[in-house]
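Notes follow the structure.
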Amino acid sequence: MDALFSYLLLLVTLIASLFLVFRAKNPDAGSPKKLPPGTIGWPVVGESIKFSMLGPEKYISGRMNKCSPDVFRTSLLGEEMAVFCGPAGNKFFFSNDSKLLTSWLPLSIKKALVFPTFVENSPKDIIAKHNFMQEMLRPEALRNYIPIMDSMARKHIEAEWSPRKEIKVFPSSKKYTFDLACRLFLKIEDPEDIKRLSDPFGLVISGMFSVPFNFPGTAYNRAIKGGKMIRDELLSLIRQRKNQLSENKDFVTKDMLSQMLLAMDEENDKLLLNEMEISNNIIGLLVASYDTTSTALTMVLNFLAQLPHIYQEVLKEQMEIAKSKGPGELLTWEDIEKMKYSWNVLRESMRLTPSALGSFRETTTDFTYAVLPFLRGGRLAFWTVHTTHKNPKYFPEPEKFDPSRFDGSGPAPYTFAPFGGGPRMCPGKEYARLEILVFLHNVVTKFEMEKAIPNEKIVFRGSPTPVHGAPVRLHPHEK
Ligand code: HEM
C-alpha cells in the first residue's frame with residue numbers, strides 16, 4: 001500500500017512539475033486570454049521543421065490562409081511568436097519600434113557574434129549608437145565610396161570573369177562583397193589580411209543559424225570559435241589603427257573604422273565608442289551586409305541571365321552611361337542617379353526573391369493589436385516580407401517580373417519592404433544599392449549572360465540560395 005502511495009505521489013509530482021514547466025514556457029497556456037490563431041507545433045522544435053521543409057514563402061502564405069491574414073501564432077527558433085501580416089501588420093511593426101516593441105535576436109546568435117559582456121544586451125544596445133551608424137551610411141557620406149566600388153568591381157571582373165567562359169555568380173558576388181567590405185569598413189586590401197577575417201567569418205555565417213549545440217565538432221561550436229577569432233583580429237586591428245591615429249594626427253583614412261575611432265560624444269566630451277563597441281559594430285556591419293547584399297546581387301544577375309528583354313533595357317541604360325565616360329573614368333554619384341530602370345529591376349528582383357526574411361521584436365509594454373491582447377515581455381513579434389511581396393492584391397500577377405511596378409509612386413505603402421521600415425529600417429540600404437548597381441554596370445557593359453542550368457532550384461538556407469551557385473555562360477560584347 002505504502003509502495004503504491006509513494007508511486008502515486010511520485011506520478012502526481014511528476015505531472016505537476018511537467019505542467020509547471022509547460023506553463024513557465026507557455027505563459028498563455030490554459031488562460032482565458034485570447035491568443036492569435038495558429039499552432040506552436042512540437043515542444044522546443046516548434047514549427048521549425050515545417051518552416052524549413054516548405055520554405056518561408058509557402059509556410060507563411062499557408063499559415064495566413066489557414067489561420068489569419070492579420071496576425072498568427074507560431075513557434076520558430078525555439079520561441080513562441082506572433083507573425084504580423086499584410087500592410088497593416090507592417091505599418092504597426094514599423095511605427096511602434098521603441099514605443100511598444102524593441103529589437104530581439106536569439107541568444108545563440110549573440111553568443112557567436114559579440115563579447116560575452118554584451119550577450120545579455122538587446123541588439124539595440126549592441127549595435128551601439130544607431131544614429132551614428134545611419135549618419136555614417138547616409139547617401140552623402142557614401143558618395144566618395146562609388147569610385148572605390150567601381151575600381152574594385154573592374155578588378156574583380158577582370159580577374160575572375162574575363163578569363164572564363166562560365167562563372168558561378170553566387171561565390172563571385174560573395175567574394176566581391178566581402179573584399180569591398182574589408183576595404184570600406186576597415187581599409188584592408190592585402191589578400192592575406194582579408195583571409196584572416198574571411199576564414200573565421202565563414203565559420204560564423206555557416207554555423208550561427210544551426211541548432212545551438214556547443215560541442216566540439218558541431219557547426220555551432222565552429223561559429224562560436226570563429227566569432228572569437230574575428231573579435232581578437234578586430235581588437236588588434238583597432239589598437240593598431242588607434243596608434244596610427246594618435247602618432248600621426250594627419251593620418252586619416254576614409255574607412256568606417258577610422259570614423260568610429262574618431263567619433264565624439266559631443267555632450268559628454270568623450271569618445272563615442274570604446275574598443276569593444278567598435279568591434280561589435282564592425283561585426284554587425286559585416287554580418288548584416290554580407291549575405292543580404294551578395295544574395296541580392298546574385299538574384300538580379302540571375303534574372304538578367306534568364307530574361308533577355310529585361311537585360312536589353314538594362315544594357316541600353318548602362319551603355320549610355322558607359323559612352324558618356326572617358327577611357328578609364330570611374331563611375332560617380334551622378335551616373336548612379338541615371339540608373340533608374342536598373343534600380344527598378346533590382347527592386348523587382350528583391351520583391352520576388354528578397355534576401356532578408358524580416359526581423360524580430362520583443363514586446364516592451366502591454367498593447368492590443370487586431371483585438372488581441374499582447375503582454376509586456378510576452379511572445380515575440382515577427383515581421384516578414386513574405387506576407388505582402390507576392391500578394392496579388394498589391395502586386396497583380398505576382399510571379400511576373402515587371403519592373404514597371406516601381407514607376408511613378410510605386411507599390412502601395414508598407415507592401416514592399418526588403419529593407420524593413422520605420423526607425424530601425426536597414427541603415428545599409430543605400431550602400432547596398434550603390435554596391436549592386438556598380439557591379440551590375442560592370443557586368444552588363446561587358447557580357448551577355450546565359451543561365452548554364454536554366455531551371456536551377458533556389459532553396460532557403462538563411463537566405464535564398466541557388467543550389468548550384470548560379471552558373472552563367474559569358475558572351476563578351478564585340479568591341
Ligand atoms: C540588399 C541588401 C540588404 C538587405 C535586403 C537588408 C535588409 C535588412 C533588414 C530587413 C534589416 C532589419 C530591419 C529591422 O529590424 O526592422 C536590416 C538591418 C540592418 N542592416 Fe541591412 N540589409 C542589406 C544590406 C545592408 C548593408 C550593406 C549594411 C551595412 C553596410 C546593412 C546594415 C544593417 C544593420 C547595421 C542593421 C541593423 C540595424 C538595427 O537594428 O539598428 N545592411 N537590414
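Here, A, B, ... name the chains of the C-alpha cells in the order displayed, residue numbers run from 1 inside each chain, and ligands are numbered from 1 in the same displayed order.
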Which residues are near A:Phe360? Cut-off 7 Å, only C-alpha atoms, ignore same chain within fewer than 4 positions. Put them as a CSV table (one decimal) with N, CA, C and O atoms, in the first residue's frame.
```csv
chain,number,residue,atom,x,y,z
A,103,SER,N,14.0,45.6,-30.6
A,103,SER,CA,14.7,44.6,-31.4
A,103,SER,C,15.1,43.4,-30.5
A,103,SER,O,15.4,43.5,-29.3
A,104,TRP,N,15.1,42.2,-31.2
A,104,TRP,CA,15.4,41.0,-30.5
A,104,TRP,C,16.2,40.1,-31.4
A,104,TRP,O,16.0,40.1,-32.6
A,105,LEU,N,17.2,39.4,-30.8
A,105,LEU,CA,18.0,38.4,-31.6
A,105,LEU,C,18.1,37.1,-30.7
A,105,LEU,O,18.2,37.3,-29.5
A,380,LEU,N,7.2,36.9,-28.8
A,380,LEU,CA,7.9,37.8,-29.7
A,380,LEU,C,7.1,38.2,-30.9
A,380,LEU,O,6.1,37.4,-31.3
A,381,ALA,N,7.4,39.2,-31.6
A,381,ALA,CA,6.7,39.7,-32.8
A,381,ALA,C,7.7,39.5,-34.0
A,381,ALA,O,8.9,39.7,-33.8
A,382,PHE,N,7.2,39.0,-35.0
A,382,PHE,CA,8.0,38.7,-36.2
A,382,PHE,C,7.3,39.4,-37.4
A,382,PHE,O,6.1,39.2,-37.7
A,383,TRP,N,8.1,40.2,-38.1
A,383,TRP,CA,7.6,40.8,-39.4
A,383,TRP,C,8.3,40.1,-40.5
A,383,TRP,O,9.5,39.9,-40.4
```
Test item: residues at most 6 Å from A:Arg473, only C-alpha atoms, excluding those fewer than 5 positions along its chain, as a tab-separated table (two decimals) with all heavy atoms, in the first residue's frame:
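The file below, selection_30.tsv, is the result:
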```
chain	number	residue	atom	x	y	z
A	165	LYS	N	34.73	31.25	-69.55
A	165	LYS	CA	33.56	31.18	-70.43
A	165	LYS	C	32.29	31.00	-69.59
A	165	LYS	O	31.20	31.23	-70.04
A	165	LYS	CB	33.69	29.97	-71.38
A	165	LYS	CG	34.74	30.17	-72.45
A	165	LYS	CD	34.51	29.15	-73.57
A	165	LYS	CE	35.24	29.51	-74.83
A	165	LYS	NZ	36.70	29.59	-74.67
A	166	GLU	N	32.50	30.55	-68.36
A	166	GLU	CA	31.35	30.31	-67.46
A	166	GLU	C	31.78	30.68	-66.04
A	166	GLU	O	32.92	30.42	-65.67
A	166	GLU	CB	30.97	28.82	-67.53
A	166	GLU	CG	29.67	28.52	-66.83
A	166	GLU	CD	29.23	27.06	-67.03
A	166	GLU	OE1	29.16	26.60	-68.19
A	166	GLU	OE2	28.95	26.40	-66.01
A	449	MET	N	24.72	37.34	-70.53
A	449	MET	CA	24.81	36.11	-69.72
A	449	MET	C	23.70	35.14	-70.13
A	449	MET	O	22.62	35.57	-70.51
A	449	MET	CB	24.63	36.45	-68.24
A	449	MET	CG	25.75	37.27	-67.64
A	449	MET	SD	25.30	37.86	-65.98
A	449	MET	CE	24.00	39.01	-66.31
A	450	GLU	N	24.02	33.85	-70.00
A	450	GLU	CA	23.03	32.82	-70.31
A	450	GLU	C	23.08	31.81	-69.17
A	450	GLU	O	24.19	31.36	-68.80
A	450	GLU	CB	23.45	32.17	-71.63
A	450	GLU	CG	22.57	31.07	-72.12
A	450	GLU	CD	23.30	30.22	-73.18
A	450	GLU	OE1	24.40	30.60	-73.63
A	450	GLU	OE2	22.78	29.16	-73.53
A	452	ALA	N	23.49	28.63	-67.21
A	452	ALA	CA	24.04	27.32	-67.57
A	452	ALA	C	23.10	26.21	-67.13
A	452	ALA	O	23.06	25.14	-67.74
A	452	ALA	CB	25.41	27.15	-66.93
```
>> Please return as JSON, numbers by chain the residues found within 8 Å of ligand 1, counting only C-alpha atoms and all ligand atoms.
In response: {"A": [94, 103, 123, 124, 127, 130, 133, 137, 181, 281, 284, 285, 286, 287, 288, 289, 290, 291, 292, 293, 294, 295, 296, 297, 350, 354, 355, 356, 357, 358, 359, 360, 361, 417, 418, 419, 420, 421, 422, 423, 424, 425, 426, 427, 428, 429, 430, 431, 432, 433]}
>> Could you list, as an MDAnalysis selection string, every residue within 12 Å of A:Pro36, counting only C-alpha atoms and ignoring same-chain residues fewer than 3 positions away?
In response: chainID A and resid 28 33 39:40 63:64 67:74 80:85 368:374 379 381
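One distance worth recording is that between atom CA of A:Ile453 and atom CA of A:Leu180, which is 28.4 Å.
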>> What's around A:Val44 at 7 Å? Count only C-alpha atoms, leave out sequence neighbours fewer than 2 positions away in its own chain, and write the answer as a list in words.
In response: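 The contact residues come out as Trp42, Gly46 and Gly78 of chain A.
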> Tell me, which residues of stretch 301-444 of chain A carry DSSP strand (DSSP E), written as a VMD selection string?
Replying inline: chain A and resid 358 to 363 367 to 369 372 to 374 380 to 384
>> With only C-alpha atoms as the counted atoms, please give the residues lying no more than 9 Å from A:Asn144, apart from itself and same-chain residues fewer than 2 positions off, as a ChimeraX atom specification.
In response: /A:140-142,146-148,254,332-333
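Counting only C-alpha atoms, the residue from A:Arg138, A:His389, A:Lys225, A:Arg461 that sits nearest to A:Ser349 is A:His389.
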> Leaving out A:Val204 and any residue of its chain fewer than 2 positions from it, which residues lie within 7 Å of it when counting only C-alpha atoms, given as a ChimeraX atom specification?
Replying inline: /A:112,200-202,206-208,223-224,226-227
Output file for the selection above: N, CA and C atoms, as an mmCIF file, in the first residue's frame:
```cif
data_model
loop_
_atom_site.group_PDB
_atom_site.id
_atom_site.type_symbol
_atom_site.label_atom_id
_atom_site.label_comp_id
_atom_site.auth_asym_id
_atom_site.auth_seq_id
_atom_site.Cartn_x
_atom_site.Cartn_y
_atom_site.Cartn_z
ATOM 1 N N ALA A 112 27.534 33.913 -30.551
ATOM 2 C CA ALA A 112 28.536 33.699 -31.601
ATOM 3 C C ALA A 112 29.182 35.020 -32.026
ATOM 4 N N PRO A 200 37.451 32.826 -40.478
ATOM 5 C CA PRO A 200 36.544 32.673 -39.321
ATOM 6 C C PRO A 200 35.146 33.209 -39.597
ATOM 7 N N PHE A 201 35.049 34.214 -40.453
ATOM 8 C CA PHE A 201 33.729 34.760 -40.773
ATOM 9 C C PHE A 201 32.860 33.684 -41.441
ATOM 10 N N GLY A 202 33.494 32.892 -42.325
ATOM 11 C CA GLY A 202 32.784 31.786 -42.983
ATOM 12 C C GLY A 202 32.225 30.810 -41.946
ATOM 13 N N SER A 206 28.192 30.153 -41.492
ATOM 14 C CA SER A 206 27.568 28.858 -41.773
ATOM 15 C C SER A 206 27.090 28.155 -40.503
ATOM 16 N N GLY A 207 27.495 28.627 -39.314
ATOM 17 C CA GLY A 207 27.095 27.914 -38.095
ATOM 18 C C GLY A 207 26.140 28.654 -37.188
ATOM 19 N N MET A 208 25.985 29.982 -37.385
ATOM 20 C CA MET A 208 25.239 30.710 -36.346
ATOM 21 C C MET A 208 23.735 30.433 -36.362
ATOM 22 N N ALA A 223 31.078 28.096 -35.126
ATOM 23 C CA ALA A 223 30.668 29.511 -35.215
ATOM 24 C C ALA A 223 31.142 30.279 -33.980
ATOM 25 N N ILE A 224 31.037 29.648 -32.798
ATOM 26 C CA ILE A 224 31.481 30.297 -31.556
ATOM 27 C C ILE A 224 32.989 30.570 -31.635
ATOM 28 N N GLY A 226 34.827 30.748 -34.390
ATOM 29 C CA GLY A 226 35.064 31.740 -35.449
ATOM 30 C C GLY A 226 34.809 33.149 -34.940
ATOM 31 N N GLY A 227 33.723 33.314 -34.156
ATOM 32 C CA GLY A 227 33.380 34.636 -33.617
ATOM 33 C C GLY A 227 34.502 35.173 -32.751
#
```
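Neighbours of A:Leu315 closer than or equal to 8 Å, with only C-alpha atoms counted and sequence neighbours fewer than 4 positions away skipped, come out as Tyr311, Met319, Val444 and Thr445 of chain A.
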